[in-house]
Structures are given as structure tokens and as C-alpha cells.
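Source file: work-v2.txt. Holds: compact mmCIF, C-alpha atoms and all ligand atoms.
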# COMPACT_ATOMS: atom_id res chain seq x y z
CA MET A 29 21.26 -26.57 47.03
CA VAL A 30 22.64 -23.60 45.05
CA ALA A 31 21.62 -20.05 46.00
CA SER A 32 18.60 -18.46 44.31
CA ARG A 33 19.08 -16.60 41.07
CA PRO A 34 18.29 -12.89 41.06
CA LEU A 35 14.66 -11.94 41.24
CA TYR A 36 12.64 -11.94 38.03
CA ASP A 37 9.34 -10.19 37.59
CA VAL A 38 7.87 -13.28 35.97
CA ALA A 39 9.03 -16.87 35.58
CA VAL A 40 7.27 -18.55 32.67
CA VAL A 41 7.53 -22.34 32.90
CA GLY A 42 7.36 -24.09 29.52
CA ALA A 43 8.58 -22.82 26.17
CA GLY A 44 5.64 -24.18 24.18
CA PRO A 45 3.57 -21.73 22.13
CA ALA A 46 1.66 -20.49 25.19
CA GLY A 47 4.77 -19.91 27.29
CA SER A 48 6.94 -18.36 24.59
CA ARG A 49 4.25 -15.99 23.46
CA THR A 50 3.48 -14.95 27.03
CA ALA A 51 7.19 -14.44 27.76
CA ARG A 52 7.58 -12.42 24.57
CA GLU A 53 4.67 -10.09 25.40
CA LEU A 54 5.82 -9.57 29.00
CA ALA A 55 9.43 -8.90 27.97
CA ARG A 56 8.29 -6.45 25.32
CA ARG A 57 6.55 -4.53 28.08
CA GLY A 58 9.82 -4.19 29.96
CA LEU A 59 9.41 -6.93 32.56
CA ARG A 60 12.31 -9.12 33.60
CA VAL A 61 11.28 -12.56 32.41
CA ALA A 62 12.78 -16.04 32.79
CA LEU A 63 11.55 -18.63 30.28
CA VAL A 64 12.14 -22.02 31.88
CA GLU A 65 12.18 -25.05 29.54
CA GLU A 66 13.16 -28.55 30.53
CA HIS A 67 14.33 -29.68 27.08
CA ARG A 68 17.65 -28.66 25.58
CA GLN A 69 15.99 -27.88 22.29
CA VAL A 70 12.67 -26.08 22.30
CA GLY A 71 9.98 -27.92 20.32
CA LEU A 72 11.55 -31.36 20.70
CA PRO A 73 10.22 -33.94 21.13
CA SER A 74 7.24 -32.73 19.11
CA HIS A 75 3.85 -33.69 20.49
CA CYS A 76 1.66 -32.17 17.84
CA SER A 77 0.61 -33.08 14.31
CA GLY A 78 1.01 -29.45 13.28
CA LEU A 79 -2.54 -28.72 12.21
CA ILE A 80 -3.64 -25.32 13.47
CA SER A 81 -6.36 -22.82 12.70
CA PRO A 82 -5.58 -19.66 10.72
CA ARG A 83 -6.44 -17.72 13.89
CA THR A 84 -3.79 -19.55 15.92
CA TRP A 85 -1.25 -18.89 13.18
CA LYS A 86 -2.13 -15.20 13.24
CA LEU A 87 -1.82 -15.03 17.02
CA GLY A 88 1.68 -16.50 16.80
CA GLU A 89 2.86 -13.53 14.72
CA THR A 90 6.08 -15.22 13.65
CA GLY A 91 5.88 -13.57 10.24
CA ASP A 92 7.77 -16.53 8.78
CA ASP A 93 5.74 -18.12 5.99
CA SER A 94 8.43 -20.76 5.44
CA LEU A 95 6.93 -22.51 8.49
CA LEU A 96 3.68 -23.04 6.58
CA CYS A 97 3.62 -26.48 4.95
CA ASN A 98 0.09 -26.47 3.55
CA ARG A 99 -3.18 -24.56 3.46
CA LEU A 100 -6.03 -27.01 3.96
CA ARG A 101 -9.48 -26.48 2.52
CA GLY A 102 -11.32 -29.71 3.27
CA ALA A 103 -11.34 -33.27 4.50
CA TYR A 104 -12.31 -36.78 3.45
CA LEU A 105 -14.22 -38.11 6.39
CA HIS A 106 -14.00 -41.92 6.62
CA VAL A 107 -16.66 -43.26 8.88
CA GLN A 108 -16.79 -47.01 8.46
CA GLY A 109 -15.39 -49.49 6.00
CA ASP A 110 -14.96 -47.95 2.55
CA SER A 111 -17.54 -45.21 2.86
CA SER A 112 -16.32 -41.62 2.99
CA VAL A 113 -17.77 -38.13 2.81
CA GLU A 114 -16.04 -35.11 1.29
CA LEU A 115 -16.36 -31.87 3.23
CA GLY A 116 -14.82 -28.55 2.32
CA GLY A 117 -14.66 -25.80 -0.25
CA THR A 118 -12.58 -22.80 -1.21
CA PRO A 119 -11.84 -21.11 2.16
CA VAL A 120 -8.75 -22.16 4.06
CA ARG A 121 -9.97 -24.10 7.11
CA ALA A 122 -6.67 -25.13 8.66
CA LEU A 123 -2.94 -24.78 8.24
CA ALA A 124 -0.33 -27.51 8.38
CA ILE A 125 2.80 -26.06 9.94
CA ASP A 126 6.29 -27.18 10.86
CA ARG A 127 5.40 -27.31 14.54
CA VAL A 128 8.96 -27.85 15.81
CA ARG A 129 10.29 -24.80 13.98
CA TRP A 130 7.19 -22.79 14.94
CA ASP A 131 7.84 -23.47 18.64
CA GLN A 132 11.48 -22.54 18.11
CA ALA A 133 10.58 -19.34 16.27
CA LEU A 134 8.26 -18.26 19.09
CA ALA A 135 10.90 -18.98 21.74
CA GLU A 136 13.48 -17.10 19.69
CA GLN A 137 11.16 -14.10 19.54
CA ALA A 138 10.74 -14.23 23.32
CA HIS A 139 14.51 -14.23 23.79
CA ARG A 140 15.01 -11.40 21.31
CA ALA A 141 12.42 -9.41 23.29
CA GLY A 142 14.58 -9.90 26.40
CA ALA A 143 13.25 -13.05 28.09
CA GLU A 144 16.10 -15.05 29.59
CA ALA A 145 16.28 -18.74 28.63
CA VAL A 146 16.70 -21.09 31.60
CA GLN A 147 17.12 -24.73 30.67
CA ALA A 148 15.88 -26.73 33.64
CA ARG A 149 12.92 -28.79 34.81
CA CYS A 150 10.67 -27.09 37.30
CA VAL A 151 9.96 -29.67 40.01
CA GLY A 152 7.99 -27.51 42.40
CA VAL A 153 6.71 -24.03 43.13
CA GLU A 154 5.95 -22.45 46.45
CA ARG A 155 4.62 -19.13 47.57
CA THR A 156 6.99 -16.97 49.66
CA PRO A 157 6.46 -13.54 51.26
CA GLN A 158 8.43 -12.05 48.33
CA GLY A 159 6.56 -13.88 45.58
CA MET A 160 7.21 -17.31 44.12
CA LEU A 161 10.10 -19.71 44.52
CA LEU A 162 10.66 -22.29 41.80
CA ARG A 163 12.64 -25.44 42.46
CA LEU A 164 14.59 -26.33 39.33
CA GLN A 165 16.53 -29.43 38.36
CA ARG A 166 19.24 -29.67 35.76
CA ASN A 167 21.74 -32.50 35.23
CA GLY A 168 20.85 -33.95 38.62
CA HIS A 169 21.48 -30.65 40.45
CA GLU A 170 18.80 -28.67 42.17
CA THR A 171 18.63 -24.90 42.25
CA THR A 172 16.00 -22.25 42.87
CA LEU A 173 14.68 -19.28 40.98
CA ALA A 174 12.78 -16.45 42.59
CA ALA A 175 10.19 -14.39 40.76
CA ARG A 176 7.30 -12.17 41.67
CA LEU A 177 4.89 -14.19 39.54
CA VAL A 178 4.92 -17.56 37.88
CA VAL A 179 3.11 -18.55 34.68
CA GLY A 180 2.48 -22.27 34.41
CA ALA A 181 2.65 -22.86 30.65
CA ASP A 182 4.03 -26.35 31.14
CA GLY A 183 1.38 -28.22 29.22
CA ALA A 184 -1.62 -30.35 29.96
CA HIS A 185 -0.04 -32.09 32.96
CA SER A 186 1.27 -28.86 34.47
CA ARG A 187 3.53 -29.45 37.43
CA VAL A 188 3.22 -25.78 38.31
CA ALA A 189 -0.55 -26.15 38.63
CA ARG A 190 -0.20 -29.29 40.72
CA SER A 191 2.40 -27.69 43.01
CA LEU A 192 0.10 -24.79 43.69
CA GLY A 193 -2.98 -26.95 44.23
CA LEU A 194 -4.76 -25.60 41.15
CA PRO A 195 -7.49 -27.72 39.56
CA PRO A 196 -6.70 -29.97 36.59
CA PRO A 197 -8.12 -29.19 33.13
CA PRO A 198 -11.94 -29.37 33.23
CA GLN A 199 -12.08 -31.63 30.21
CA ARG A 200 -9.87 -34.36 28.80
CA VAL A 201 -10.18 -36.00 25.41
CA LEU A 202 -9.08 -39.57 24.90
CA ALA A 203 -7.42 -40.21 21.55
CA LEU A 204 -5.07 -42.57 19.80
CA GLY A 205 -2.38 -41.31 17.43
CA VAL A 206 -1.24 -43.26 14.38
CA GLU A 207 1.50 -42.23 11.97
CA ALA A 208 1.17 -43.50 8.41
CA GLU A 209 1.82 -42.43 4.83
CA VAL A 210 -1.35 -42.08 2.79
CA SER A 211 -2.14 -40.73 -0.67
CA LEU A 212 -4.62 -37.92 -1.19
CA PRO A 213 -6.69 -37.06 -4.26
CA ARG A 214 -6.23 -33.37 -3.38
CA ASP A 215 -3.18 -32.11 -1.57
CA ASP A 216 -5.15 -29.34 0.17
CA TYR A 217 -7.46 -31.90 1.86
CA VAL A 218 -6.82 -34.19 4.81
CA HIS A 219 -8.15 -37.62 5.71
CA VAL A 220 -10.16 -37.86 8.92
CA PHE A 221 -10.80 -41.39 10.15
CA VAL A 222 -13.45 -42.25 12.69
CA ALA A 223 -12.58 -45.69 14.05
CA ARG A 224 -14.36 -48.07 16.38
CA GLY A 225 -11.42 -50.42 16.99
CA HIS A 226 -7.68 -50.70 16.66
CA THR A 227 -4.72 -53.10 16.90
CA GLY A 228 -1.04 -52.36 17.34
CA GLU A 229 1.67 -51.72 19.84
CA LEU A 230 1.42 -48.97 22.44
CA LEU A 231 4.46 -46.74 22.81
CA GLU A 232 5.47 -44.64 25.76
CA SER A 233 5.51 -40.92 25.13
CA ASP A 234 6.33 -37.79 27.09
CA GLU A 235 2.69 -37.55 28.02
CA ALA A 236 1.82 -41.12 28.91
CA SER A 237 3.08 -44.61 29.65
CA PRO A 238 0.28 -46.59 28.04
CA VAL A 239 -0.43 -50.20 28.97
CA TRP A 240 -2.95 -52.71 27.64
CA VAL A 241 -5.42 -53.92 30.24
CA SER A 242 -8.38 -56.18 29.84
CA ILE A 243 -11.74 -54.43 29.81
CA GLU A 244 -12.74 -56.52 32.84
CA GLU A 245 -9.71 -55.31 34.81
CA VAL A 246 -9.47 -51.57 34.15
CA PRO A 247 -7.47 -50.24 37.16
CA TYR A 248 -9.91 -47.48 38.08
CA HIS A 249 -8.22 -47.00 41.47
CA GLU A 250 -5.03 -45.83 39.63
CA MET A 251 -6.88 -43.51 37.28
CA TRP A 252 -8.57 -40.15 37.52
CA GLU A 253 -11.39 -40.33 40.03
CA ASP A 254 -14.11 -39.54 37.49
CA ASP A 255 -13.14 -42.34 35.08
CA LYS A 256 -15.07 -45.02 36.95
CA TYR A 257 -18.29 -43.08 36.48
CA TRP A 258 -18.24 -42.86 32.68
CA LEU A 259 -15.66 -45.20 31.18
CA PRO A 260 -17.61 -48.42 31.88
CA ALA A 261 -20.50 -47.04 29.81
CA VAL A 262 -18.18 -46.00 26.97
CA LEU A 263 -16.57 -49.45 27.00
CA ARG A 264 -20.06 -50.95 26.63
CA GLY A 265 -20.36 -48.88 23.46
CA GLU A 266 -22.66 -46.23 24.94
CA LYS A 267 -22.34 -42.52 24.34
CA VAL A 268 -22.15 -40.38 27.43
CA TYR A 269 -22.23 -36.75 28.39
CA GLY A 270 -20.71 -35.76 31.69
CA ARG A 271 -19.26 -32.97 33.74
CA PHE A 272 -16.89 -33.27 36.67
CA PHE A 273 -15.60 -30.67 39.06
CA PHE A 274 -12.27 -31.09 40.81
CA ASP A 275 -10.80 -29.10 43.64
CA ARG A 276 -7.12 -29.64 44.39
CA TRP A 277 -7.14 -32.82 42.29
CA LYS A 278 -10.08 -34.26 44.26
CA LEU A 279 -13.39 -34.93 42.57
CA LYS A 280 -16.01 -32.78 44.25
CA LYS A 281 -19.10 -33.28 42.14
CA GLY A 282 -20.20 -34.44 38.76
CA GLU A 283 -22.86 -36.03 36.64
CA VAL A 284 -23.01 -38.42 33.73
CA TYR A 285 -25.82 -39.05 31.32
CA LEU A 286 -26.23 -41.80 28.79
CA LEU A 287 -26.93 -40.38 25.37
CA LYS A 288 -28.98 -41.78 22.56
CA ASP A 289 -27.67 -41.28 19.00
CA ALA A 290 -29.73 -38.13 18.66
CA GLY A 291 -28.08 -36.77 21.80
CA GLN A 292 -31.17 -37.18 23.97
CA LEU A 293 -30.49 -37.39 27.70
CA LEU A 294 -31.64 -40.79 28.85
CA LEU A 295 -30.39 -41.61 32.29
CA ASN A 296 -28.76 -39.80 35.13
CA LEU A 297 -26.08 -42.27 36.17
CA ARG A 298 -24.56 -40.40 39.03
CA GLN A 299 -25.09 -37.11 40.78
CA LEU A 300 -22.29 -36.63 43.27
CA PRO A 301 -22.82 -34.55 46.36
CA ALA A 302 -21.50 -30.97 46.14
C1 LIG B 401 -0.14 -36.48 19.62
C2 LIG B 401 -0.63 -35.05 19.68
C3 LIG B 401 -0.99 -34.40 18.51
C4 LIG B 401 -1.46 -33.08 18.56
N1 LIG B 401 -1.81 -32.47 17.39
C5 LIG B 401 -2.25 -31.21 17.42
C6 LIG B 401 -2.59 -30.54 16.22
O1 LIG B 401 -2.48 -31.07 15.11
N2 LIG B 401 -3.03 -29.27 16.31
C7 LIG B 401 -3.15 -28.62 17.51
O2 LIG B 401 -3.57 -27.46 17.53
N3 LIG B 401 -2.82 -29.24 18.67
C8 LIG B 401 -2.38 -30.49 18.64
N4 LIG B 401 -2.04 -31.11 19.81
C9 LIG B 401 -2.19 -30.35 21.07
C10 LIG B 401 -1.03 -29.36 21.19
O3 LIG B 401 0.18 -30.04 21.17
C11 LIG B 401 -1.19 -28.56 22.48
O4 LIG B 401 -2.49 -28.03 22.56
C12 LIG B 401 -0.19 -27.42 22.54
O5 LIG B 401 1.11 -27.88 22.38
C13 LIG B 401 -0.34 -26.70 23.87
O6 LIG B 401 0.61 -25.67 23.91
P1 LIG B 401 1.23 -25.20 25.29
O7 LIG B 401 2.22 -24.12 24.99
O8 LIG B 401 0.13 -24.92 26.24
O9 LIG B 401 1.95 -26.49 25.90
P2 LIG B 401 3.04 -27.44 25.26
O10 LIG B 401 3.19 -27.27 23.79
O11 LIG B 401 2.78 -28.80 25.81
O12 LIG B 401 4.39 -26.87 25.92
C14 LIG B 401 4.71 -27.10 27.25
C15 LIG B 401 6.23 -26.92 27.37
O13 LIG B 401 6.54 -26.99 28.75
C16 LIG B 401 7.69 -27.80 28.91
N5 LIG B 401 7.58 -28.35 30.25
C17 LIG B 401 6.66 -29.24 30.71
N6 LIG B 401 6.85 -29.47 32.01
C18 LIG B 401 7.91 -28.72 32.39
C19 LIG B 401 8.59 -28.54 33.61
N7 LIG B 401 8.19 -29.19 34.73
N8 LIG B 401 9.66 -27.71 33.66
C20 LIG B 401 10.07 -27.04 32.54
N9 LIG B 401 9.46 -27.19 31.34
C21 LIG B 401 8.39 -28.01 31.27
C22 LIG B 401 7.57 -28.85 27.81
O14 LIG B 401 8.85 -29.41 27.50
C23 LIG B 401 7.02 -28.00 26.67
O15 LIG B 401 8.04 -27.41 25.91
C24 LIG B 401 -1.57 -32.43 19.80
C25 LIG B 401 -1.19 -33.07 20.98
C26 LIG B 401 -0.73 -34.38 20.92
C27 LIG B 401 -0.34 -35.06 22.21

Take the structure from the file and write it as C-alpha cells.
Amino acid sequence: MVASRPLYDVAVVGAGPAGSRTARELARRGLRVALVEEHRQVGLPSHCSGLISPRTWKLGETGDDSLLCNRLRGAYLHVQGDSSVELGGTPVRALAIDRVRWDQALAEQAHRAGAEAVQARCVGVERTPQGMLLRLQRNGHETTLAARLVVGADGAHSRVARSLGLPPPPQRVLALGVEAEVSLPRDDYVHVFVARGHTGELLESDEASPVWVSIEEVPYHEMWEDDKYWLPAVLRGEKVYGRFFFDRWKLKKGEVYLLKDAGQLLLNLRQLPA
């Protein structure tokens, strides 16, 4: 193991929008910041369709309008079969941006403000009497980086959070992504499809290694602990509302209700002990 780097005030793990912007603000205030990113090129591979709200764009403060691909004012909502509903109007509801270049612009701003780029994967974080010690890996070599504070901006599956025993995100949304070329009657509208079924081939991504399983053999024991309480109902075509509370990745309590179409609570499926 190589000796620790000099002490930073803050180590920000992840040069996504959250990490780069945090690093930029901290560096602008005179703190010594390390911005740790596992990929050689910030923003790649992209895991975003690039649709953001005007507010998010404003918060980014890149000041580079060439990153804006489109200003969107409405949507064609396709519910079933050929039926569709048009929603929208004059105000700009969303912006389509070049997400890869946006991430890169934000990271560049952080570096110009003084944050030091460290290209490495953070594989663990521990508390020390002096602050925080990050274990980093790069090209098969392991090193450490010491900082007074660490910011875990390493995405939805944050290794920093896991290392420190912090709870996972309170809510997860299941979704399928499809890439296709479609024509649009208006180029400032988007298509939104609500689907009840799908066919195709699952591809591994940075975020998941998807596999097909039969509905009768869902491997609940390999999944998040709460899944077994609500997924069976969803797979039966029911709508559910539920809340789950985790502590250090363990499910502590939760509840699930079956919902009628109108959103009426019908049945308390499970009330776990606190
Ligand atoms: C398919 C898909 C489409 C999406 N489309 C949209 C959309 O249209 N609009 C929208 O607003 N949101 C969209 N999202 C969500 C959006 O991508 C995230 O909300 C957003 O990127 C979160 O930003 P972040 O900075 O928190 O994390 P991220 O953008 O995930 O950045 C985390 C960074 O941390 C780095 N990292 C991770 N682990 C480590 C580690 N151990 N060590 C070092 N570096 C690490 C990663 O390489 C990455 O650069 C989409 C997500 C997916 C998966």
C-alpha cells in the first residue's frame, strides 16, 4: 500500500453533477478539495437521458448555452394502444441537454476553482481520529487519501454511504430504458409512453446486471429485503403504496397497502415491528 496523500479539507467522491458542484462551491470558499472520480473521462458512460428541469439547469450555473439541445414545452402521453393525450403549452417545462458535456463542464468548473482531480475508485472509507481515510484503487494498485470530511456523491449505489453504514435511499423507482428514433409532430414536445408489457434483450449497465427470471421464481432472498412485501402484489397487477425504513442496510419497519384505482387504501398487507 502506498503512503497517504497530503490531507485535504474535503474529499468529494464522484464527479457527477452533485459532486462537481459541491467541490466547486467548497473550493471557491478556499477549502482544499479532492474530487475523486473512478472514470478516466467525467460524464462517461452517460447514465441519463439528459432531460432536466429549468431549475436544475440554473443551479448548474455553467453559463454555456451550447449545452442546451432543446427547450421542451409539452408531451404526447401514450397510454395504451393508439390513444394519446397532448399536454403542454407555452412555458418551458423541461430542457434537453448534452448531459455528458454538462457533467464535464461542471467538473471543469470545480477544477478551475481549485479542486484537485483524483482519478481512482473509492473502495472504502473509514473514520480515523484525524478525520476520514479513503481507500482508493487505480490500475490494480491501492492507495489512501486522508481528508477531514468526505462527501459521498457517488450516485445511487454509493459505496461511501455503504462503507459508513449510512442508510440506502428511502425510495427506489423501477424503470426500463429503451433507446429508439421516433418522429415528433412538434420538436419542442416529447413522447411519454406508459407501458404494461415489454419484450427485448436485457443489457448489463454500470448500475445493474439484469437477468430474466420467471415470475414464479423471483429470487427474493437475493434482493432488497422489502421487495418480497410489495413486488408480488405488483406482479399480480395490483397498485401498492408502501414505506420502508432501513438502518445500516437492514429493514427495520415498513408497511404496504393495496391501492384501488382511485388511490383508496384497501388492505394493510404488512406492518413490521419497529
Ligand atoms: C437510464 C437513466 C436515465 C436517466 N435520465 C435522467 C433524465 O433524463 N433526467 C434526470 O434528471 N435524471 C435522469 N437520470 C438520473 C440521473 O442520472 C441522476 O439523478 C444523476 O446523475 C444523479 O447525479 P449525481 O451527481 O448524484 O450522481 P451520478 O451522476 O450518478 O454521479 C456519480 C459519479 O460518481 C462516480 N462514482 C461512483 N462510484 C464511485 C466510486 N466508488 N469511486 C469514485 N467514483 C465513483 C461515477 O462514475 C459518477 O461519475 C437517469 C438515470 C438513468 C439510470

**Item:** Nearest to Arg149 (chain A) by atom-to-atom distance, counting all atoms listed in the file, from A:Gln165, A:Ser242, A:Ser111, A:Thr172
**Value:** A:Gln165

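Take CA of Glu207 (chain A) and atom C1 of ligand LIG 401 (chain B): the distance between them is 9.7 Å.
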
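The interatomic distance for the pair CA of Leu173 (chain A) and CA of Glu89 (chain A) works out to 29.4 Å.
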
Any idea what's packed within 8 Å of Arg276 (chain A), counting only C-alpha atoms, ignoring anything in its chain fewer than 2 positions away? Could you give it as a PDB file with C-alpha atoms, keeping the file's coordinate frame?
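For reference, selection-v4.pdb as written:
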ATOM      1  CA  ARG A 190      -0.200 -29.290  40.720  1.00  0.00           C
ATOM      2  CA  GLY A 193      -2.980 -26.950  44.230  1.00  0.00           C
ATOM      3  CA  LEU A 194      -4.760 -25.600  41.150  1.00  0.00           C
ATOM      4  CA  PRO A 195      -7.490 -27.720  39.560  1.00  0.00           C
ATOM      5  CA  PRO A 196      -6.700 -29.970  36.590  1.00  0.00           C
ATOM      6  CA  PHE A 274     -12.270 -31.090  40.810  1.00  0.00           C
ATOM      7  CA  LYS A 278     -10.080 -34.260  44.260  1.00  0.00           C
TER       8      LYS A 278
END

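Taking all atoms listed in the file into account, Ala184 (chain A) lies nearest to A:Ala236 out of the set A:Leu95, A:Ala236, A:Ala145, A:Leu63.
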
**Message:** Restricting the calculation to only C-alpha atoms: of A:Pro198, A:Val239, A:Gly42, A:Leu231, which residue gets closest to Gly282 (chain A)?
**Reply:** A:Pro198

Filled-in N, CA and C atoms of region 61-97 of chain A, supplied as a PDB file, keeping the file's coordinate frame:
ATOM      1  N   VAL A  61      11.961 -11.269  32.577  1.00  0.00           N
ATOM      2  CA  VAL A  61      11.280 -12.560  32.410  1.00  0.00           C
ATOM      3  C   VAL A  61      12.283 -13.700  32.288  1.00  0.00           C
ATOM      4  N   ALA A  62      12.007 -14.804  32.992  1.00  0.00           N
ATOM      5  CA  ALA A  62      12.780 -16.040  32.790  1.00  0.00           C
ATOM      6  C   ALA A  62      11.854 -17.027  32.080  1.00  0.00           C
ATOM      7  N   LEU A  63      12.335 -17.612  30.993  1.00  0.00           N
ATOM      8  CA  LEU A  63      11.550 -18.630  30.280  1.00  0.00           C
ATOM      9  C   LEU A  63      12.212 -19.979  30.544  1.00  0.00           C
ATOM     10  N   VAL A  64      11.552 -20.767  31.401  1.00  0.00           N
ATOM     11  CA  VAL A  64      12.140 -22.020  31.880  1.00  0.00           C
ATOM     12  C   VAL A  64      11.647 -23.188  31.018  1.00  0.00           C
ATOM     13  N   GLU A  65      12.565 -23.911  30.393  1.00  0.00           N
ATOM     14  CA  GLU A  65      12.180 -25.050  29.540  1.00  0.00           C
ATOM     15  C   GLU A  65      13.049 -26.238  29.898  1.00  0.00           C
ATOM     16  N   GLU A  66      12.389 -27.391  30.081  1.00  0.00           N
ATOM     17  CA  GLU A  66      13.160 -28.550  30.530  1.00  0.00           C
ATOM     18  C   GLU A  66      13.998 -29.178  29.424  1.00  0.00           C
ATOM     19  N   HIS A  67      13.570 -29.035  28.164  1.00  0.00           N
ATOM     20  CA  HIS A  67      14.330 -29.680  27.080  1.00  0.00           C
ATOM     21  C   HIS A  67      15.435 -28.770  26.551  1.00  0.00           C
ATOM     22  N   ARG A  68      16.527 -29.424  26.124  1.00  0.00           N
ATOM     23  CA  ARG A  68      17.650 -28.660  25.580  1.00  0.00           C
ATOM     24  C   ARG A  68      17.232 -27.883  24.353  1.00  0.00           C
ATOM     25  N   GLN A  69      16.459 -28.542  23.512  1.00  0.00           N
ATOM     26  CA  GLN A  69      15.990 -27.880  22.290  1.00  0.00           C
ATOM     27  C   GLN A  69      14.494 -27.649  22.382  1.00  0.00           C
ATOM     28  N   VAL A  70      14.099 -26.404  22.275  1.00  0.00           N
ATOM     29  CA  VAL A  70      12.670 -26.080  22.300  1.00  0.00           C
ATOM     30  C   VAL A  70      11.984 -26.819  21.136  1.00  0.00           C
ATOM     31  N   GLY A  71      10.775 -27.295  21.394  1.00  0.00           N
ATOM     32  CA  GLY A  71       9.980 -27.920  20.320  1.00  0.00           C
ATOM     33  C   GLY A  71      10.205 -29.409  20.173  1.00  0.00           C
ATOM     34  N   LEU A  72      11.228 -29.944  20.806  1.00  0.00           N
ATOM     35  CA  LEU A  72      11.550 -31.360  20.700  1.00  0.00           C
ATOM     36  C   LEU A  72      11.490 -32.029  22.074  1.00  0.00           C
ATOM     37  N   PRO A  73      10.917 -33.219  22.180  1.00  0.00           N
ATOM     38  CA  PRO A  73      10.220 -33.940  21.130  1.00  0.00           C
ATOM     39  C   PRO A  73       8.883 -33.264  20.797  1.00  0.00           C
ATOM     40  N   SER A  74       8.493 -33.358  19.518  1.00  0.00           N
ATOM     41  CA  SER A  74       7.240 -32.730  19.110  1.00  0.00           C
ATOM     42  C   SER A  74       6.078 -33.579  19.598  1.00  0.00           C
ATOM     43  N   HIS A  75       5.052 -32.921  20.163  1.00  0.00           N
ATOM     44  CA  HIS A  75       3.850 -33.690  20.490  1.00  0.00           C
ATOM     45  C   HIS A  75       2.647 -33.010  19.862  1.00  0.00           C
ATOM     46  N   CYS A  76       2.756 -32.826  18.554  1.00  0.00           N
ATOM     47  CA  CYS A  76       1.660 -32.170  17.840  1.00  0.00           C
ATOM     48  C   CYS A  76       1.769 -32.559  16.375  1.00  0.00           C
ATOM     49  N   SER A  77       0.609 -32.747  15.731  1.00  0.00           N
ATOM     50  CA  SER A  77       0.610 -33.080  14.310  1.00  0.00           C
ATOM     51  C   SER A  77       0.817 -31.844  13.455  1.00  0.00           C
ATOM     52  N   GLY A  78       0.721 -30.678  14.042  1.00  0.00           N
ATOM     53  CA  GLY A  78       1.010 -29.450  13.280  1.00  0.00           C
ATOM     54  C   GLY A  78      -0.153 -28.908  12.493  1.00  0.00           C
ATOM     55  N   LEU A  79      -1.357 -29.256  12.893  1.00  0.00           N
ATOM     56  CA  LEU A  79      -2.540 -28.720  12.210  1.00  0.00           C
ATOM     57  C   LEU A  79      -3.132 -27.637  13.090  1.00  0.00           C
ATOM     58  N   ILE A  80      -3.103 -26.397  12.630  1.00  0.00           N
ATOM     59  CA  ILE A  80      -3.640 -25.320  13.470  1.00  0.00           C
ATOM     60  C   ILE A  80      -4.627 -24.473  12.671  1.00  0.00           C
ATOM     61  N   SER A  81      -5.396 -23.688  13.382  1.00  0.00           N
ATOM     62  CA  SER A  81      -6.360 -22.820  12.700  1.00  0.00           C
ATOM     63  C   SER A  81      -5.633 -21.568  12.209  1.00  0.00           C
ATOM     64  N   PRO A  82      -6.172 -20.922  11.175  1.00  0.00           N
ATOM     65  CA  PRO A  82      -5.580 -19.660  10.720  1.00  0.00           C
ATOM     66  C   PRO A  82      -5.480 -18.638  11.850  1.00  0.00           C
ATOM     67  N   ARG A  83      -6.459 -18.678  12.774  1.00  0.00           N
ATOM     68  CA  ARG A  83      -6.440 -17.720  13.890  1.00  0.00           C
ATOM     69  C   ARG A  83      -5.216 -17.956  14.793  1.00  0.00           C
ATOM     70  N   THR A  84      -4.940 -19.230  15.072  1.00  0.00           N
ATOM     71  CA  THR A  84      -3.790 -19.550  15.920  1.00  0.00           C
ATOM     72  C   THR A  84      -2.492 -19.085  15.252  1.00  0.00           C
ATOM     73  N   TRP A  85      -2.435 -19.315  13.928  1.00  0.00           N
ATOM     74  CA  TRP A  85      -1.250 -18.890  13.180  1.00  0.00           C
ATOM     75  C   TRP A  85      -1.063 -17.376  13.306  1.00  0.00           C
ATOM     76  N   LYS A  86      -2.184 -16.660  13.175  1.00  0.00           N
ATOM     77  CA  LYS A  86      -2.130 -15.200  13.240  1.00  0.00           C
ATOM     78  C   LYS A  86      -1.662 -14.746  14.632  1.00  0.00           C
ATOM     79  N   LEU A  87      -2.192 -15.406  15.658  1.00  0.00           N
ATOM     80  CA  LEU A  87      -1.820 -15.030  17.020  1.00  0.00           C
ATOM     81  C   LEU A  87      -0.329 -15.232  17.292  1.00  0.00           C
ATOM     82  N   GLY A  88       0.254 -16.226  16.612  1.00  0.00           N
ATOM     83  CA  GLY A  88       1.680 -16.500  16.800  1.00  0.00           C
ATOM     84  C   GLY A  88       2.555 -15.354  16.319  1.00  0.00           C
ATOM     85  N   GLU A  89       2.134 -14.673  15.271  1.00  0.00           N
ATOM     86  CA  GLU A  89       2.860 -13.530  14.720  1.00  0.00           C
ATOM     87  C   GLU A  89       4.332 -13.808  14.485  1.00  0.00           C
ATOM     88  N   THR A  90       4.657 -14.979  13.934  1.00  0.00           N
ATOM     89  CA  THR A  90       6.080 -15.220  13.650  1.00  0.00           C
ATOM     90  C   THR A  90       6.512 -14.477  12.395  1.00  0.00           C
ATOM     91  N   GLY A  91       5.556 -14.271  11.481  1.00  0.00           N
ATOM     92  CA  GLY A  91       5.880 -13.570  10.240  1.00  0.00           C
ATOM     93  C   GLY A  91       6.775 -14.393   9.330  1.00  0.00           C
ATOM     94  N   ASP A  92       6.881 -15.693   9.584  1.00  0.00           N
ATOM     95  CA  ASP A  92       7.770 -16.530   8.780  1.00  0.00           C
ATOM     96  C   ASP A  92       6.942 -17.565   8.010  1.00  0.00           C
ATOM     97  N   ASP A  93       6.602 -17.238   6.774  1.00  0.00           N
ATOM     98  CA  ASP A  93       5.740 -18.120   5.990  1.00  0.00           C
ATOM     99  C   ASP A  93       6.439 -19.429   5.592  1.00  0.00           C
ATOM    100  N   SER A  94       7.750 -19.504   5.786  1.00  0.00           N
ATOM    101  CA  SER A  94       8.430 -20.760   5.440  1.00  0.00           C
ATOM    102  C   SER A  94       8.044 -21.874   6.421  1.00  0.00           C
ATOM    103  N   LEU A  95       7.382 -21.498   7.523  1.00  0.00           N
ATOM    104  CA  LEU A  95       6.930 -22.510   8.490  1.00  0.00           C
ATOM    105  C   LEU A  95       5.611 -23.153   8.069  1.00  0.00           C
ATOM    106  N   LEU A  96       4.971 -22.534   7.066  1.00  0.00           N
ATOM    107  CA  LEU A  96       3.680 -23.040   6.580  1.00  0.00           C
ATOM    108  C   LEU A  96       3.915 -24.158   5.572  1.00  0.00           C
ATOM    109  N   CYS A  97       3.413 -25.361   5.864  1.00  0.00           N
ATOM    110  CA  CYS A  97       3.620 -26.480   4.950  1.00  0.00           C
ATOM    111  C   CYS A  97       2.450 -26.616   3.981  1.00  0.00           C
TER     112      CYS A  97
END
